[in-house]
>>> print(open('data.txt').read())   # compact mmCIF, C-alpha atoms and all ligand atoms
# COMPACT_ATOMS: atom_id res chain seq x y z
CA MET A 3 51.14 -17.69 111.28
CA LYS A 4 54.28 -19.18 112.81
CA GLY A 5 56.19 -22.42 112.48
CA LEU A 6 59.14 -24.12 114.17
CA ILE A 7 61.23 -26.79 112.50
CA LEU A 8 63.19 -29.15 114.74
CA VAL A 9 66.57 -29.33 113.08
CA GLY A 10 68.69 -30.76 115.85
CA GLY A 11 70.32 -34.12 116.25
CA TYR A 12 73.42 -35.21 114.40
CA GLY A 13 71.78 -37.12 111.58
CA THR A 14 74.00 -40.11 112.38
CA ARG A 15 71.62 -42.52 110.65
CA LEU A 16 72.16 -40.69 107.35
CA ARG A 17 75.95 -41.01 107.44
CA PRO A 18 78.17 -40.72 105.43
CA LEU A 19 76.18 -37.88 103.79
CA THR A 20 75.74 -36.02 107.09
CA LEU A 21 79.50 -36.08 107.72
CA THR A 22 79.68 -33.31 105.12
CA VAL A 23 76.31 -31.57 105.16
CA PRO A 24 73.78 -31.22 108.01
CA LYS A 25 70.77 -33.49 107.45
CA PRO A 26 68.26 -30.74 106.63
CA LEU A 27 70.49 -29.47 103.83
CA VAL A 28 71.01 -32.84 102.15
CA GLU A 29 69.27 -32.56 98.77
CA PHE A 30 66.08 -34.54 98.47
CA GLY A 31 64.51 -34.28 95.01
CA ASN A 32 67.35 -31.88 94.13
CA ARG A 33 66.54 -29.35 96.88
CA PRO A 34 67.68 -29.16 100.50
CA MET A 35 65.26 -31.35 102.44
CA ILE A 36 64.16 -28.48 104.63
CA LEU A 37 63.23 -26.25 101.67
CA HIS A 38 60.29 -28.52 100.90
CA GLN A 39 59.01 -27.70 104.37
CA ILE A 40 59.79 -23.98 104.27
CA GLU A 41 57.98 -23.70 100.96
CA ALA A 42 54.92 -25.60 102.22
CA LEU A 43 54.75 -23.44 105.37
CA ALA A 44 55.03 -20.26 103.31
CA ASN A 45 52.27 -21.50 100.96
CA ALA A 46 50.00 -21.99 103.98
CA GLY A 47 50.48 -18.38 105.07
CA VAL A 48 53.28 -18.81 107.63
CA THR A 49 55.45 -15.70 107.84
CA ASP A 50 57.70 -16.49 110.84
CA ILE A 51 59.80 -19.64 110.74
CA VAL A 52 62.08 -20.67 113.60
CA LEU A 53 64.77 -23.23 112.91
CA ALA A 54 65.66 -24.93 116.17
CA VAL A 55 69.28 -26.01 115.80
CA ASN A 56 72.02 -27.36 118.02
CA TYR A 57 74.73 -28.10 115.50
CA ARG A 58 76.67 -26.19 112.84
CA PRO A 59 74.21 -23.32 112.42
CA GLU A 60 76.71 -21.27 110.33
CA VAL A 61 76.33 -23.50 107.26
CA MET A 62 72.60 -23.47 107.67
CA VAL A 63 72.36 -19.70 108.14
CA GLU A 64 74.43 -19.17 105.02
CA THR A 65 72.36 -21.56 102.90
CA LEU A 66 68.90 -20.63 104.13
CA LYS A 67 69.00 -16.87 104.69
CA LYS A 68 68.83 -16.35 100.94
CA TYR A 69 65.45 -18.05 100.74
CA GLU A 70 63.74 -15.53 103.04
CA LYS A 71 63.00 -13.20 100.12
CA GLU A 72 62.10 -15.97 97.70
CA TYR A 73 59.41 -17.33 100.02
CA GLY A 74 58.46 -14.08 101.74
CA VAL A 75 59.18 -15.41 105.24
CA SER A 76 61.37 -14.40 108.14
CA ILE A 77 63.70 -17.25 109.16
CA THR A 78 65.26 -17.06 112.60
CA PHE A 79 67.72 -19.49 114.11
CA SER A 80 67.16 -20.55 117.68
CA VAL A 81 70.46 -22.04 118.79
CA GLU A 82 70.66 -24.43 121.74
CA THR A 83 73.80 -24.61 123.81
CA GLU A 84 72.88 -28.16 124.79
CA PRO A 85 70.45 -30.37 122.82
CA LEU A 86 67.00 -29.56 124.25
CA GLY A 87 65.21 -32.56 122.71
CA THR A 88 61.93 -32.16 120.84
CA ALA A 89 60.05 -29.94 123.35
CA GLY A 90 62.75 -27.75 124.98
CA PRO A 91 63.29 -25.87 121.69
CA LEU A 92 59.67 -24.66 121.80
CA LYS A 93 60.30 -23.02 125.17
CA LEU A 94 63.54 -21.49 123.91
CA ALA A 95 61.68 -19.92 120.96
CA GLU A 96 58.81 -18.72 123.14
CA ALA A 97 59.25 -15.06 122.16
CA VAL A 98 58.43 -15.80 118.52
CA LEU A 99 55.89 -18.57 119.05
CA LYS A 100 53.91 -16.53 121.59
CA LYS A 101 54.10 -13.22 119.75
CA ASP A 102 50.38 -13.51 118.98
CA LYS A 103 47.56 -15.82 120.04
CA SER A 104 47.45 -17.87 116.83
CA PRO A 105 48.51 -21.53 116.93
CA PHE A 106 51.92 -22.50 115.52
CA PHE A 107 53.19 -25.45 113.46
CA VAL A 108 55.97 -27.77 114.63
CA LEU A 109 57.80 -30.02 112.15
CA ASN A 110 60.36 -32.77 112.42
CA SER A 111 62.85 -31.80 109.73
CA ASP A 112 63.22 -35.26 108.20
CA VAL A 113 59.64 -36.04 107.16
CA ILE A 114 58.37 -35.67 103.63
CA CYS A 115 54.78 -35.77 102.33
CA ASP A 116 52.36 -33.40 100.62
CA TYR A 117 52.26 -31.17 103.73
CA PRO A 118 48.59 -30.45 104.52
CA PHE A 119 49.12 -27.30 106.59
CA GLU A 120 46.07 -25.31 105.54
CA GLU A 121 43.64 -28.17 106.16
CA LEU A 122 45.45 -28.95 109.41
CA ALA A 123 44.98 -25.39 110.70
CA LYS A 124 41.30 -25.46 109.78
CA PHE A 125 40.78 -28.81 111.49
CA HIS A 126 42.67 -27.67 114.60
CA LYS A 127 40.63 -24.50 115.03
CA ALA A 128 37.38 -26.44 114.56
CA HIS A 129 37.94 -28.97 117.38
CA GLY A 130 39.06 -26.42 119.94
CA GLY A 131 41.70 -28.60 121.66
CA GLN A 132 45.26 -27.50 122.50
CA GLY A 133 47.04 -29.58 119.89
CA THR A 134 46.70 -31.65 116.72
CA ILE A 135 49.13 -34.31 115.52
CA VAL A 136 49.22 -35.38 111.86
CA ALA A 137 48.82 -39.17 111.71
CA THR A 138 49.75 -41.72 109.07
CA LYS A 139 49.70 -45.51 108.88
CA VAL A 140 52.88 -47.58 108.64
CA ASP A 141 53.81 -51.25 108.60
CA GLU A 142 56.52 -51.02 111.27
CA PRO A 143 55.07 -48.81 114.03
CA SER A 144 57.77 -49.69 116.59
CA LYS A 145 60.15 -47.10 115.07
CA TYR A 146 57.66 -44.28 115.68
CA GLY A 147 55.26 -42.67 118.13
CA VAL A 148 51.94 -44.54 118.06
CA ILE A 149 48.55 -42.87 118.43
CA VAL A 150 45.62 -44.69 120.03
CA HIS A 151 42.18 -43.17 119.68
CA ASP A 152 39.32 -42.60 122.02
CA ILE A 153 36.48 -44.82 120.81
CA ALA A 154 33.72 -42.38 121.72
CA THR A 155 35.19 -39.16 120.26
CA PRO A 156 36.59 -39.48 116.76
CA ASN A 157 40.13 -38.10 116.42
CA LEU A 158 40.58 -37.48 120.16
CA ILE A 159 43.80 -39.18 121.24
CA ASP A 160 43.47 -41.58 124.13
CA ARG A 161 47.12 -42.72 124.37
CA PHE A 162 50.41 -41.73 122.81
CA VAL A 163 53.19 -44.33 123.02
CA GLU A 164 56.66 -43.40 121.72
CA LYS A 165 58.55 -46.33 120.16
CA PRO A 166 56.27 -49.06 121.59
CA VAL A 167 57.83 -52.42 122.34
CA GLU A 168 54.49 -54.18 122.10
CA PHE A 169 52.02 -53.62 119.28
CA VAL A 170 49.44 -50.97 120.21
CA GLY A 171 48.38 -49.87 116.73
CA ASN A 172 49.77 -48.82 113.36
CA ARG A 173 48.61 -45.22 113.16
CA ILE A 174 51.66 -43.13 113.96
CA ASN A 175 52.82 -39.59 114.62
CA ALA A 176 53.92 -38.19 111.25
CA GLY A 177 56.12 -35.59 113.01
CA LEU A 178 53.94 -32.59 112.10
CA TYR A 179 51.89 -30.71 114.71
CA ILE A 180 49.88 -27.58 115.27
CA LEU A 181 49.76 -26.34 118.86
CA ASN A 182 48.21 -23.46 120.77
CA PRO A 183 50.68 -21.05 122.41
CA GLU A 184 49.49 -22.21 125.88
CA VAL A 185 51.18 -25.58 125.27
CA ILE A 186 54.53 -23.84 125.80
CA ASP A 187 53.54 -23.24 129.45
CA LEU A 188 53.72 -27.02 129.96
CA ILE A 189 57.40 -27.14 128.93
CA ASP A 190 60.50 -26.30 130.99
CA LEU A 191 63.66 -24.88 129.47
CA LYS A 192 65.68 -28.11 129.68
CA PRO A 193 66.13 -31.24 127.55
CA THR A 194 62.56 -32.47 127.17
CA SER A 195 60.76 -34.86 124.83
CA ILE A 196 57.50 -33.60 123.39
CA GLU A 197 56.52 -37.21 122.65
CA LYS A 198 57.24 -38.59 126.11
CA GLU A 199 56.56 -35.61 128.33
CA THR A 200 54.28 -33.04 126.69
CA PHE A 201 51.86 -35.19 124.67
CA PRO A 202 50.90 -37.36 127.67
CA ILE A 203 49.85 -34.21 129.60
CA LEU A 204 47.68 -33.05 126.67
CA VAL A 205 46.19 -36.55 126.36
CA GLU A 206 45.36 -36.46 130.07
CA GLN A 207 43.64 -33.08 129.54
CA LYS A 208 41.66 -34.59 126.60
CA SER A 209 43.03 -31.83 124.45
CA LEU A 210 45.14 -33.64 121.83
CA TYR A 211 43.62 -34.65 118.48
CA SER A 212 44.90 -36.35 115.36
CA PHE A 213 44.47 -35.44 111.71
CA ASP A 214 44.75 -38.20 109.09
CA LEU A 215 47.27 -37.54 106.36
CA GLU A 216 46.32 -38.31 102.78
CA GLY A 217 48.89 -39.67 100.38
CA TYR A 218 52.48 -40.63 100.93
CA TRP A 219 54.69 -40.06 103.96
CA MET A 220 58.24 -41.02 104.86
CA ASP A 221 60.85 -40.21 107.49
CA VAL A 222 63.89 -39.95 105.22
CA GLY A 223 66.46 -39.90 108.03
CA GLN A 224 68.23 -43.11 106.92
CA PRO A 225 69.53 -44.26 103.51
CA LYS A 226 67.00 -47.04 102.88
CA ASP A 227 64.09 -44.74 103.69
CA PHE A 228 65.70 -41.85 101.80
CA LEU A 229 65.55 -43.98 98.65
CA SER A 230 62.01 -45.21 99.35
CA GLY A 231 61.00 -41.61 100.07
CA SER A 232 62.47 -40.50 96.74
CA VAL A 233 60.34 -43.08 94.92
CA LEU A 234 57.21 -41.78 96.66
CA TYR A 235 58.15 -38.15 96.08
CA LEU A 236 58.76 -38.73 92.34
CA ASN A 237 55.45 -40.54 92.08
CA SER A 238 53.68 -37.60 93.73
CA LEU A 239 55.54 -35.18 91.44
CA SER A 240 54.41 -37.17 88.38
CA LYS A 241 50.83 -36.42 89.40
CA ARG A 242 51.18 -32.81 90.59
CA HIS A 243 53.90 -31.48 88.25
CA PRO A 244 54.59 -34.01 85.47
CA GLU A 245 56.31 -31.23 83.50
CA ARG A 246 59.17 -31.24 86.03
CA LEU A 247 60.12 -34.85 85.25
CA ALA A 248 62.53 -35.83 82.49
CA THR A 249 61.39 -37.40 79.24
CA GLY A 250 63.30 -38.90 76.35
CA PRO A 251 64.23 -42.16 74.67
CA ASN A 252 66.70 -43.12 77.41
CA ILE A 253 64.43 -42.21 80.36
CA VAL A 254 62.25 -44.87 82.02
CA GLY A 255 59.46 -43.99 84.48
CA ASN A 256 59.80 -41.16 87.00
CA VAL A 257 63.17 -39.45 86.71
CA LEU A 258 64.17 -35.97 87.87
CA VAL A 259 67.21 -34.45 86.18
CA ASP A 260 68.82 -31.09 86.89
CA PRO A 261 69.13 -29.12 83.61
CA SER A 262 72.91 -28.82 84.05
CA ALA A 263 73.45 -32.62 84.13
CA LYS A 264 74.85 -34.40 81.07
CA ILE A 265 73.50 -37.85 80.29
CA SER A 266 74.87 -39.92 77.41
CA GLU A 267 72.32 -40.85 74.77
CA THR A 268 73.30 -44.48 75.21
CA ALA A 269 72.69 -44.52 78.98
CA LYS A 270 69.35 -45.75 80.35
CA VAL A 271 68.02 -43.95 83.42
CA GLY A 272 65.03 -44.87 85.60
CA PRO A 273 62.65 -45.60 87.00
CA ASP A 274 62.88 -43.61 90.24
CA VAL A 275 66.12 -41.73 89.78
CA VAL A 276 67.20 -38.22 90.80
CA ILE A 277 70.19 -36.69 88.99
CA GLY A 278 71.67 -33.54 90.53
CA PRO A 279 73.39 -30.46 89.09
CA ASN A 280 76.56 -30.91 87.00
CA VAL A 281 76.37 -34.69 87.08
CA THR A 282 77.84 -36.60 84.13
CA ILE A 283 76.47 -40.01 83.14
CA GLY A 284 78.59 -41.93 80.63
CA ASP A 285 77.83 -44.22 77.70
CA GLY A 286 75.86 -47.38 78.35
CA VAL A 287 75.36 -46.59 82.05
CA ARG A 288 72.25 -48.09 83.66
CA ILE A 289 70.73 -46.39 86.75
CA THR A 290 67.59 -47.37 88.64
CA ARG A 291 66.10 -46.32 92.01
CA SER A 292 69.04 -44.09 92.91
CA VAL A 293 70.03 -40.55 93.76
CA VAL A 294 73.16 -38.98 92.26
CA LEU A 295 74.11 -35.75 94.04
CA SER A 296 75.76 -32.74 92.44
CA ASN A 297 79.09 -32.73 90.57
CA SER A 298 79.42 -36.53 90.41
CA THR A 299 80.40 -38.66 87.44
CA ILE A 300 79.35 -42.20 86.53
CA ARG A 301 81.70 -43.52 83.86
CA ASN A 302 80.82 -45.74 80.91
CA HIS A 303 78.95 -49.04 81.29
CA SER A 304 78.46 -48.96 85.05
CA LEU A 305 75.31 -50.19 86.79
CA VAL A 306 73.91 -48.15 89.71
CA LYS A 307 70.92 -49.60 91.61
CA SER A 308 69.42 -48.57 95.00
CA THR A 309 72.40 -46.32 95.65
CA ILE A 310 73.05 -42.76 96.81
CA VAL A 311 76.10 -41.25 95.14
CA GLY A 312 77.33 -38.33 97.28
CA TRP A 313 78.61 -35.01 95.95
CA SER A 314 81.69 -34.76 93.69
CA SER A 315 82.21 -38.52 93.56
CA THR A 316 83.38 -40.60 90.63
CA VAL A 317 82.27 -44.12 89.77
CA GLY A 318 84.64 -45.75 87.26
CA GLN A 319 83.83 -47.87 84.20
CA TRP A 320 82.12 -51.29 84.44
CA CYS A 321 81.34 -50.86 88.15
CA ARG A 322 78.27 -52.29 89.87
CA LEU A 323 76.79 -50.48 92.88
CA GLU A 324 73.67 -51.80 94.63
CA GLY A 325 71.99 -52.85 97.90
CA VAL A 326 71.64 -49.37 99.46
CA THR A 327 75.21 -48.37 98.83
CA VAL A 328 76.00 -44.79 99.91
CA LEU A 329 79.07 -42.91 98.73
CA GLY A 330 80.04 -39.87 100.80
CA ASP A 331 81.43 -36.63 99.44
CA ASP A 332 84.40 -36.88 97.02
CA VAL A 333 84.64 -40.67 96.81
CA GLU A 334 86.39 -42.43 93.96
CA VAL A 335 85.34 -45.93 92.91
CA LYS A 336 87.93 -47.46 90.59
CA ASP A 337 87.01 -49.32 87.39
CA GLU A 338 85.27 -52.71 87.63
CA VAL A 339 84.59 -52.53 91.38
CA TYR A 340 81.47 -54.16 92.86
CA ILE A 341 79.87 -52.58 95.95
CA ASN A 342 76.83 -54.12 97.64
CA GLY A 343 75.48 -52.13 100.62
CA GLY A 344 78.74 -50.31 101.31
CA LYS A 345 78.76 -46.98 103.14
CA VAL A 346 81.87 -45.20 101.94
CA LEU A 347 83.17 -42.28 104.00
CA PRO A 348 84.15 -38.97 102.34
CA HIS A 349 87.40 -38.66 100.35
CA LYS A 350 87.98 -42.44 100.07
CA SER A 351 89.22 -44.26 97.01
CA ILE A 352 87.89 -47.82 96.57
CA SER A 353 89.73 -50.34 94.44
CA ALA A 354 88.57 -53.64 96.02
CA ASN A 355 85.09 -55.16 95.90
CA VAL A 356 82.72 -54.69 98.85
CA PRO A 357 80.46 -57.76 98.46
CA LYS A 358 78.37 -57.23 101.61
CA GLU A 359 77.18 -54.45 103.92
CA ALA A 360 80.20 -52.63 105.37
CA ILE A 361 81.42 -49.19 106.40
CA ILE A 362 84.52 -48.22 104.44
CA MET A 363 86.67 -45.72 106.34
N1 LIG B 1 66.55 -28.58 117.92
C1 LIG B 1 66.59 -29.87 118.24
N2 LIG B 1 67.25 -30.21 119.39
N3 LIG B 1 66.04 -30.78 117.43
C2 LIG B 1 66.13 -32.08 117.78
C3 LIG B 1 66.79 -32.52 118.93
C4 LIG B 1 67.38 -31.53 119.80
O1 LIG B 1 67.96 -31.80 120.83
N4 LIG B 1 66.72 -33.88 118.97
C5 LIG B 1 66.04 -34.26 117.87
N5 LIG B 1 65.69 -33.18 117.13
C6 LIG B 1 64.92 -33.14 115.88
C7 LIG B 1 65.45 -34.04 114.77
O2 LIG B 1 66.32 -33.32 113.92
C8 LIG B 1 64.17 -34.39 114.02
O3 LIG B 1 63.83 -33.39 113.07
C9 LIG B 1 63.11 -34.40 115.10
O4 LIG B 1 63.64 -33.63 116.19
C10 LIG B 1 62.75 -35.81 115.58
O5 LIG B 1 63.93 -36.48 115.97
P1 LIG B 1 64.33 -37.89 115.32
O6 LIG B 1 65.60 -38.31 115.94
O7 LIG B 1 64.25 -37.86 113.84
O8 LIG B 1 63.15 -38.79 115.95
P2 LIG B 1 62.53 -40.12 115.38
O9 LIG B 1 62.48 -40.13 113.91
O10 LIG B 1 63.20 -41.27 116.05
O11 LIG B 1 61.01 -40.04 115.98
C11 LIG B 1 60.24 -38.86 115.82
O12 LIG B 1 59.69 -38.79 114.52
C12 LIG B 1 58.76 -39.83 114.16
C13 LIG B 1 58.27 -39.54 112.75
O13 LIG B 1 59.32 -39.61 111.87
C14 LIG B 1 59.09 -38.86 116.86
O14 LIG B 1 58.46 -37.60 116.79
C15 LIG B 1 58.07 -39.97 116.57
O15 LIG B 1 56.96 -39.88 117.47
C16 LIG B 1 57.57 -39.85 115.14
O16 LIG B 1 56.68 -40.94 114.84
MG MG B 2 63.30 -38.99 112.37
>>> encode(input="data.txt", output="structure tokens", more="lines below")
Ligand code: GDD
Ligand code: MG
Amino acid sequence: MKGLILVGGYGTRLRPLTLTVPKPLVEFGNRPMILHQIEALANAGVTDIVLAVNYRPEVMVETLKKYEKEYGVSITFSVETEPLGTAGPLKLAEAVLKKDKSPFFVLNSDVICDYPFEELAKFHKAHGGQGTIVATKVDEPSKYGVIVHDIATPNLIDRFVEKPVEFVGNRINAGLYILNPEVIDLIDLKPTSIEKETFPILVEQKSLYSFDLEGYWMDVGQPKDFLSGSVLYLNSLSKRHPERLATGPNIVGNVLVDPSAKISETAKVGPDVVIGPNVTIGDGVRITRSVVLSNSTIRNHSLVKSTIVGWSSTVGQWCRLEGVTVLGDDVEVKDEVYINGGKVLPHKSISANVPKEAIIM
């Protein structure tokens, strides 16, 4: 089988992390976000994966090519010269996606869940329509594409409304699809939105169905959701692979720690924390609901809550970071500094408090 991952866009909502690393390569649960998807596709029998990119493919090629062998898949990069939106990339990759008559998967690169690809393929083949969208329920549907069902035929989609201004329902597009190759014939090679242009045609043809997702789901394309997504991911990991989570007298709840990290015995970590490779956590440090990316240091007696600490950063002694604070790459926070909801750009040194939400450049 085949799959295409939409990896375009600039990831602006995940700044300052995406100023250094393209969004799909930002580590989520200690692995590049997109690897979770590549692995799930490979596990479902996908052998050809197309990454549709329009920005900095070199870094991505370098990082991802090495996983081809590990997962037994061929990864090709389909590079757009202008951003082609969410449908144009399918047309551009037509040669791969139409190489046989089997349906192909399409994934938004920033969604995490327990990807149900095998069940999705089975469901899709059984209903005989041209496409199936994975659906999930959310509290704030206005940020997403909303699915409205046909009352007479279960799972047949009656309306698809992208980013509705008025409430039409709370079952949304989870950003995972399976489509027949014929769907590509509906798309022109130009910037095109699959949500606004292609889905409405399939709805009109009564050929678009939805498949209800079980379990957690999150679009982790912005810091607040990245942290919420990490909580959900760790919770899912605690059920599927509890042996991967850390244990010990100073660990509370679900905590994932890279084996190369060093955590002081007098620190207290968790719940809901991810500690990356080569991280150092000092004496008496307290961390909850946070992600610390590789090569960073948290010095003695600091408190880190609801924060993402970017790569190679240093948080001094007696600091307090909270309120969805995000440190970019190579940031230094001096001793005793308080940051509440600050987004600190790469290579900055902070010596004054940031008491409310602010971008520090
Ligand atoms: N290759 C390529 N080229 N990819 C693109 C482009 C482009 O020009 N523009 C966006 N993408 C990719 C993004 O990287 C992302 O993986 C995906 O397409 C969706 O774009 P987002 O910018 O993340 O869209 P969204 O989150 O506002 O909404 C989409 O996702 C929701 C679920 O998270 C829509 O598909 C909604 O209907 C859906 O509910
Ligand atoms: Mg998104």
>>> closest_residue(input="data.txt", among="A:Glu324, A:Ile180, A:Ala46, A:Glu206", to="Gly130 of chain A", atoms="only C-alpha atoms")
A:Ile180
>>> residues_around(input="data.txt", residues="Pro202 of chain A", least_positions_apart="5", cutoff="8 Å", atoms="all atoms listed in the file", output="list in words")
Arg161, Phe162 and Glu197 of chain A
>>> residues_around(input="data.txt", residues="segment 88-91 of chain A", least_positions_apart="3", cutoff="9 Å", atoms="only C-alpha atoms", output="list in words")
Leu6, Leu8, Gly10, Ala54, Val55, Ser80, Val81, Glu82, Pro85, Leu94, Ala95, Glu96, Asn110, Ile186, Ile189, Asp190, Leu191, Lys192, Pro193, Thr194, Ser195, Ile196, Glu197, Glu199 and Thr200 of chain A
>>> write_last_selection(input="data.txt", atoms="C-alpha atoms", output="short mmCIF file (atom, residue, chain, number, x, y, z; two decimals), keeping the file's coordinate frame")
data_model
loop_
_atom_site.label_atom_id
_atom_site.label_comp_id
_atom_site.auth_asym_id
_atom_site.auth_seq_id
_atom_site.Cartn_x
_atom_site.Cartn_y
_atom_site.Cartn_z
CA LEU A 6 59.14 -24.12 114.17
CA LEU A 8 63.19 -29.15 114.74
CA GLY A 10 68.69 -30.76 115.85
CA ALA A 54 65.66 -24.93 116.17
CA VAL A 55 69.28 -26.01 115.80
CA SER A 80 67.16 -20.55 117.68
CA VAL A 81 70.46 -22.04 118.79
CA GLU A 82 70.66 -24.43 121.74
CA PRO A 85 70.45 -30.37 122.82
CA LEU A 94 63.54 -21.49 123.91
CA ALA A 95 61.68 -19.92 120.96
CA GLU A 96 58.81 -18.72 123.14
CA ASN A 110 60.36 -32.77 112.42
CA ILE A 186 54.53 -23.84 125.80
CA ILE A 189 57.40 -27.14 128.93
CA ASP A 190 60.50 -26.30 130.99
CA LEU A 191 63.66 -24.88 129.47
CA LYS A 192 65.68 -28.11 129.68
CA PRO A 193 66.13 -31.24 127.55
CA THR A 194 62.56 -32.47 127.17
CA SER A 195 60.76 -34.86 124.83
CA ILE A 196 57.50 -33.60 123.39
CA GLU A 197 56.52 -37.21 122.65
CA GLU A 199 56.56 -35.61 128.33
CA THR A 200 54.28 -33.04 126.69
#
>>> atom_distance(input="data.txt", atom1="atom C7 of ligand LIG 1 (chain B)", atom2="atom CA of Pro24 of chain A")
11.1 Å
>>> atom_distance(input="data.txt", atom1="atom CA of Gln39 of chain A", atom2="atom CA of Lys103 of chain A")
22.8 Å
>>> atom_distance(input="data.txt", atom1="atom CA of Lys127 of chain A", atom2="atom P2 of ligand LIG 1 (chain B)")
26.9 Å
>>> closest_residue(input="data.txt", among="A:Gly330, A:Pro166, A:Pro105, A:Gly250", to="ligand LIG 1 (chain B)", atoms="only C-alpha atoms and all ligand atoms")
A:Pro166
>>> residues_around(input="data.txt", residues="Phe30 of chain A", least_positions_apart="3", cutoff="10 Å", atoms="all atoms listed in the file", output="list of chain:residue names")
A:Pro26, A:Leu27, A:Arg33, A:Pro34, A:Met35, A:Ile36, A:Leu37, A:His38, A:Ile114, A:Val222, A:Phe228, A:Leu229, A:Gly231, A:Ser232, A:Tyr235, A:Val276, A:Gly278, A:Val293, A:Leu295
>>> residues_near_ligand(input="data.txt", ligand="ligand MG 2 (chain B)", cutoff="10 Å", atoms="all atoms listed in the file", output="NGL selection string")
:A and (11 or 13 or 15 or 110-113 or 145-146 or 176-177 or 220-224)
